[in-house]
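**Student:** Provided herewith is a single structure, encoded as structure tokens, for subsequent inquiry.
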Amino acid sequence: MYDLIVIGAGPGGYEAAAHAARMGKRVALIERGCLGGTCLNVGCIPAKTFLRSSKLFHECGQAASYGVRLGSIEFDMPAVVARKNRVVDTLTKGVEGMLKRTGVESITGHARLIARNAVQVGAERYEAANILLATGSRPAKPPIPGLASEGVLDSDTVFALTRVPERVVIIGGGVIGLEFACFFSEIGSKVIVFEMLPNIAAGSDLEISSRLLHIMKRAGIEFNLSAKVLGIDGNTIRYAASGGSESSVSADCILNATGRSPVVDGLGLEEVGVDFSPKGVKTSDLGKTNVAGVWACGDVTGRRMLAHAATREGIVAVNNMFGKKDRIRYQGIPSVIYTHPEVSSVGKTEEEIKALGIEYKKSVVPMAVAGRFLVEHDGGTGMVKVLAGARFGEILGVHAIGDASSEFIVAAAAMVETEMCVSDASEIVYPHPTVSEALREAILGVH
């Protein structure tokens, strides 16, 4: 009998399994596909590998402004895919090595709960004092006629492209859609984005997302907001524009980027009595489900579909199941949209603060206040926004748009997590010259 069985080997699952094993527990990790889950195989890592190539290609076209003269350049899509595969393979081997070193037993197959403390994989039954669900998510499939046709790509299948499409239509203006819009635009495709909401990057601070929309439009990306996709016929999309008029547009590549849905089917949740819906398994901030001994973390909960959130949720669950008090505080979890420029955020948005009726102060400074940003981003744009409570000066939220913001948002996350006040945060010394100095200037600007 195991102390813990983890179902799903994404970041939440494999990190939780390793953490429990380091605590001296007997752990089994069950995965029906590839180690690493969505993030490593068809999510974060492949997408960022693609975006690194597109950014480099785009920067080559701007090299003259830095005093570098280049000849003709071309984007080699098969080579980009091959590099992505090498990166994924290297990281997968790293996960395999970590699990072996910590003593986690890996089992391949589809796991199904058959009791509160037992799962079945094929003909085998495995028992454990605790079971952690970490089954992740899959591309969402909204009820759009024709969406399931063979020619429509999603965030899993897009990584197999072997050519640069001339014209791309993307359904969805969230994180996935925006990152791929940036990628395709930078490699020379004409990109058209359809989003049913009036704003892109839903959930982001509106001032930041509006700036991102302006920048992406200026780069040549076409956006249709408050638009409803009515159907897909071959390579043609029919849609209703914001005013209600219907029209159509054709492309040689259609990408469904409408988000992801938790994998909750086929797990035996109904038989065991786990409380769940299509939106995910319901959990507490300790990682508990309503069934004793059954826990959940990551995308399957539908709470924060971020790899680093999954990792923290898994570790919190393991700590609590083995007697170490811990809980996850979602307010301190940062998020990044890896467009060019990047968008990085943590804490409450200005809209959320207003809705809660909290009195607040804010400071907004351009990224260009940091000399390093000017050095590395000729003609680049961006800003950092700090929101703080009006009475005590506690930092409520930090939002930034500008390349390299993903590398300093963790400092802001620590400030939000610890409820640090502006007066204390202003005493932190930042290395010079770094782009992070823009955060310092924004904090100093809160009055």
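Chain labels run A, B, ... following the order of the structure tokens; each chain numbers its residues from 1, and ligands are numbered from 1 in the order shown.
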Residues of segment 139-211 of chain A that approach segment 394-399 of chain A to 12 Å or less, counting only C-alpha atoms: could you list each one with the shortest pair of atoms and its distance in Å to one decimal, rows by chain and increasing residue number, as a tab-separated table?
**Tutor:**
residue	atom	partner	partner_atom	distance
A:Gly203	CA	A:His399	CA	11.9
A:Ser204	CA	A:His399	CA	8.5
A:Asp205	CA	A:His399	CA	7.1
A:Leu206	CA	A:His399	CA	10.1
A:Glu207	CA	A:His399	CA	9.3
A:Ile208	CA	A:His399	CA	7.2
A:Ser209	CA	A:His399	CA	10.0
A:Arg211	CA	A:His399	CA	11.8
**Student:** Enumerate as an MDAnalysis selection string all residues of segment 17-221 of chain A assigned to strand (DSSP E) by DSSP on the backbone, naming them with the chain letters and numbers the document uses.
**Tutor:** chainID A and resid 27:31 105:108 111:115 118:121 124:133 137:139 152:154 167:171 190:195
**Student:** Under the rule that only C-alpha atoms are counted, which of A:Ile192, A:Ile45, A:Ala129, A:Ile333 is the nearest residue to Asp89 of chain A?
**Tutor:**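 Residue with the minimum atom-to-atom distance to Asp89 of chain A: A:Ile45.
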**Student:** Env of Ala296 of chain A: 10 Å cut, atoms = only C-alpha atoms, seq-sep filter 5 positions within chain, self excluded. Answer as an NGL selection string.
**Tutor:** :A and (6-7 or 12-13 or 131-135 or 280-284 or 286-289 or 301 or 310 or 313-314 or 317)
**Student:** Find the residues around Ala9 of chain A up to 9 Å (only C-alpha atoms counted), leave out those fewer than 3 positions away in its own chain, and share them as a list in words.
**Tutor:**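 Listed by chain and then number, they are Val6, Gly12, Gly13, Tyr14, Glu15, Ala17, Leu29, Ile30, Glu31, Arg32, Gly33, Cys34, Leu35, Gly36, Gly37, Ala134, Thr135 and Gly136 of chain A.
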**Student:** May I have the residues from that selection written out with all heavy atoms, as a short mmCIF file (atom, residue, chain, number, x, y, z; two decimals), in the first residue's frame?
**Tutor:**
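So the final result, stored in selection.cif, reads:
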data_model
loop_
_atom_site.label_atom_id
_atom_site.label_comp_id
_atom_site.auth_asym_id
_atom_site.auth_seq_id
_atom_site.Cartn_x
_atom_site.Cartn_y
_atom_site.Cartn_z
N VAL A 6 -0.45 9.51 -7.10
CA VAL A 6 -0.73 10.72 -7.87
C VAL A 6 -1.17 10.30 -9.25
O VAL A 6 -0.49 9.51 -9.93
CB VAL A 6 0.51 11.63 -7.96
CG1 VAL A 6 0.18 12.88 -8.76
CG2 VAL A 6 1.02 12.00 -6.57
N GLY A 12 2.05 19.84 -11.56
CA GLY A 12 1.43 19.64 -10.25
C GLY A 12 1.66 18.23 -9.74
O GLY A 12 2.04 18.02 -8.59
N GLY A 13 1.47 17.24 -10.62
CA GLY A 13 1.60 15.85 -10.22
C GLY A 13 3.01 15.41 -9.92
O GLY A 13 3.29 14.84 -8.86
N TYR A 14 3.95 15.68 -10.85
CA TYR A 14 5.30 15.16 -10.61
C TYR A 14 6.02 15.91 -9.49
O TYR A 14 6.81 15.32 -8.74
CB TYR A 14 6.13 15.10 -11.89
CG TYR A 14 6.58 16.38 -12.54
CD1 TYR A 14 7.57 17.18 -11.96
CD2 TYR A 14 6.07 16.77 -13.77
CE1 TYR A 14 8.01 18.34 -12.58
CE2 TYR A 14 6.51 17.93 -14.40
CZ TYR A 14 7.48 18.72 -13.80
OH TYR A 14 7.92 19.87 -14.42
N GLU A 15 5.75 17.20 -9.33
CA GLU A 15 6.37 17.93 -8.22
C GLU A 15 5.81 17.46 -6.88
O GLU A 15 6.54 17.34 -5.89
CB GLU A 15 6.16 19.43 -8.39
CG GLU A 15 6.93 20.06 -9.55
CD GLU A 15 8.41 20.26 -9.23
OE1 GLU A 15 8.86 19.84 -8.15
OE2 GLU A 15 9.10 20.84 -10.08
N ALA A 17 4.53 14.48 -6.25
CA ALA A 17 5.03 13.13 -6.02
C ALA A 17 6.46 13.18 -5.46
O ALA A 17 6.79 12.49 -4.49
CB ALA A 17 4.99 12.32 -7.32
N LEU A 29 3.27 7.34 -9.14
CA LEU A 29 2.80 8.37 -10.07
C LEU A 29 2.29 7.67 -11.32
O LEU A 29 3.04 6.96 -12.00
CB LEU A 29 3.94 9.33 -10.41
CG LEU A 29 3.66 10.42 -11.45
CD1 LEU A 29 2.56 11.35 -10.97
CD2 LEU A 29 4.93 11.20 -11.74
N ILE A 30 1.01 7.87 -11.63
CA ILE A 30 0.40 7.19 -12.77
C ILE A 30 0.14 8.20 -13.89
O ILE A 30 -0.47 9.25 -13.67
CB ILE A 30 -0.93 6.52 -12.36
CG1 ILE A 30 -0.70 5.57 -11.18
CG2 ILE A 30 -1.53 5.77 -13.54
CD1 ILE A 30 -1.98 4.99 -10.60
N GLU A 31 0.61 7.88 -15.08
CA GLU A 31 0.44 8.76 -16.24
C GLU A 31 0.12 7.91 -17.47
O GLU A 31 0.83 6.95 -17.77
CB GLU A 31 1.70 9.59 -16.49
CG GLU A 31 1.72 10.39 -17.77
CD GLU A 31 0.56 11.36 -17.90
OE1 GLU A 31 0.36 12.17 -16.98
OE2 GLU A 31 -0.15 11.28 -18.93
N ARG A 32 -0.94 8.28 -18.20
CA ARG A 32 -1.30 7.51 -19.40
C ARG A 32 -0.61 8.02 -20.66
O ARG A 32 -0.54 7.31 -21.66
CB ARG A 32 -2.81 7.55 -19.61
CG ARG A 32 -3.38 8.92 -19.91
CD ARG A 32 -4.88 8.86 -20.08
NE ARG A 32 -5.46 10.17 -20.35
CZ ARG A 32 -6.77 10.38 -20.50
NH1 ARG A 32 -7.62 9.36 -20.39
NH2 ARG A 32 -7.22 11.60 -20.73
N GLY A 33 -0.07 9.25 -20.59
CA GLY A 33 0.59 9.82 -21.75
C GLY A 33 2.06 10.03 -21.50
O GLY A 33 2.79 9.11 -21.14
N CYS A 34 2.50 11.28 -21.69
CA CYS A 34 3.92 11.61 -21.54
C CYS A 34 4.16 12.34 -20.23
O CYS A 34 3.34 13.15 -19.79
CB CYS A 34 4.39 12.50 -22.70
SG CYS A 34 4.20 11.75 -24.33
N LEU A 35 5.31 12.06 -19.61
CA LEU A 35 5.70 12.81 -18.43
C LEU A 35 5.80 14.30 -18.76
O LEU A 35 6.23 14.68 -19.84
CB LEU A 35 7.06 12.33 -17.92
CG LEU A 35 7.12 11.00 -17.17
CD1 LEU A 35 8.56 10.68 -16.81
CD2 LEU A 35 6.25 11.04 -15.92
N GLY A 36 5.40 15.13 -17.83
CA GLY A 36 5.47 16.57 -18.04
C GLY A 36 4.14 17.21 -18.30
O GLY A 36 3.99 18.43 -18.17
N GLY A 37 3.15 16.41 -18.71
CA GLY A 37 1.81 16.95 -18.91
C GLY A 37 1.71 17.98 -20.02
O GLY A 37 2.58 18.09 -20.89
N ALA A 134 -4.39 14.93 -10.48
CA ALA A 134 -3.62 15.98 -11.17
C ALA A 134 -3.69 15.72 -12.67
O ALA A 134 -2.68 15.70 -13.38
CB ALA A 134 -2.18 15.99 -10.69
N THR A 135 -4.92 15.51 -13.16
CA THR A 135 -5.12 15.05 -14.54
C THR A 135 -5.10 16.16 -15.58
O THR A 135 -5.21 15.91 -16.78
CB THR A 135 -6.44 14.28 -14.65
OG1 THR A 135 -7.49 15.06 -14.06
CG2 THR A 135 -6.35 12.95 -13.92
N GLY A 136 -4.97 17.42 -15.14
CA GLY A 136 -4.77 18.51 -16.08
C GLY A 136 -5.98 18.93 -16.88
O GLY A 136 -7.13 18.81 -16.42
#
**Student:** May I have the residues within 12 Å of Cys60 of chain A as a compact mmCIF listing (two decimals) with N, CA and C atoms, in the first residue's frame, using only C-alpha atoms and disregarding those fewer than 2 positions away in the same chain?
**Tutor:**
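Result file is result_35.txt:
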# COMPACT_ATOMS: atom_id res chain seq x y z
N SER A 53 11.88 31.76 -31.13
CA SER A 53 12.30 31.77 -32.53
C SER A 53 11.69 32.94 -33.30
N SER A 54 10.40 33.19 -33.07
CA SER A 54 9.74 34.28 -33.80
C SER A 54 10.29 35.63 -33.37
N LYS A 55 10.62 35.77 -32.08
CA LYS A 55 11.17 37.02 -31.59
C LYS A 55 12.55 37.28 -32.21
N LEU A 56 13.37 36.22 -32.27
CA LEU A 56 14.69 36.37 -32.86
C LEU A 56 14.60 36.73 -34.34
N PHE A 57 13.66 36.10 -35.03
CA PHE A 57 13.43 36.40 -36.45
C PHE A 57 13.02 37.86 -36.62
N HIS A 58 12.11 38.30 -35.76
CA HIS A 58 11.63 39.69 -35.81
C HIS A 58 12.76 40.66 -35.49
N GLN A 62 15.11 44.09 -37.24
CA GLN A 62 15.34 45.38 -36.59
C GLN A 62 16.82 45.61 -36.25
N ALA A 63 17.68 44.69 -36.68
CA ALA A 63 19.08 44.72 -36.28
C ALA A 63 19.79 46.01 -36.69
N ALA A 64 19.39 46.60 -37.82
CA ALA A 64 20.07 47.80 -38.31
C ALA A 64 20.02 48.94 -37.30
N SER A 65 18.94 49.02 -36.53
CA SER A 65 18.81 50.11 -35.56
C SER A 65 19.79 49.94 -34.40
N TYR A 66 20.37 48.74 -34.27
CA TYR A 66 21.38 48.48 -33.25
C TYR A 66 22.80 48.49 -33.85
N GLY A 67 22.88 48.87 -35.11
CA GLY A 67 24.18 48.93 -35.77
C GLY A 67 24.66 47.61 -36.32
N VAL A 68 23.73 46.68 -36.52
CA VAL A 68 24.08 45.36 -37.05
C VAL A 68 23.45 45.18 -38.42
N ARG A 69 24.26 44.92 -39.43
CA ARG A 69 23.77 44.73 -40.79
C ARG A 69 23.68 43.24 -41.12
N LEU A 70 22.53 42.81 -41.55
CA LEU A 70 22.32 41.41 -41.90
C LEU A 70 21.90 41.27 -43.35
N GLY A 71 22.16 40.09 -43.90
CA GLY A 71 21.69 39.79 -45.25
C GLY A 71 20.27 39.27 -45.20
N SER A 72 19.89 38.49 -46.18
CA SER A 72 18.54 37.93 -46.21
C SER A 72 18.37 36.88 -45.12
N ILE A 73 17.21 36.81 -44.52
CA ILE A 73 16.91 35.83 -43.48
C ILE A 73 15.62 35.10 -43.84
N GLU A 74 15.46 33.90 -43.34
CA GLU A 74 14.23 33.15 -43.57
C GLU A 74 13.86 32.38 -42.32
N PHE A 75 12.59 32.09 -42.19
CA PHE A 75 12.10 31.36 -41.03
C PHE A 75 11.91 29.91 -41.43
N GLU A 186 4.81 37.66 -36.15
CA GLU A 186 6.25 37.92 -36.23
C GLU A 186 6.95 37.12 -37.32
N ILE A 187 6.36 35.98 -37.70
CA ILE A 187 7.01 35.19 -38.76
C ILE A 187 6.43 35.50 -40.14
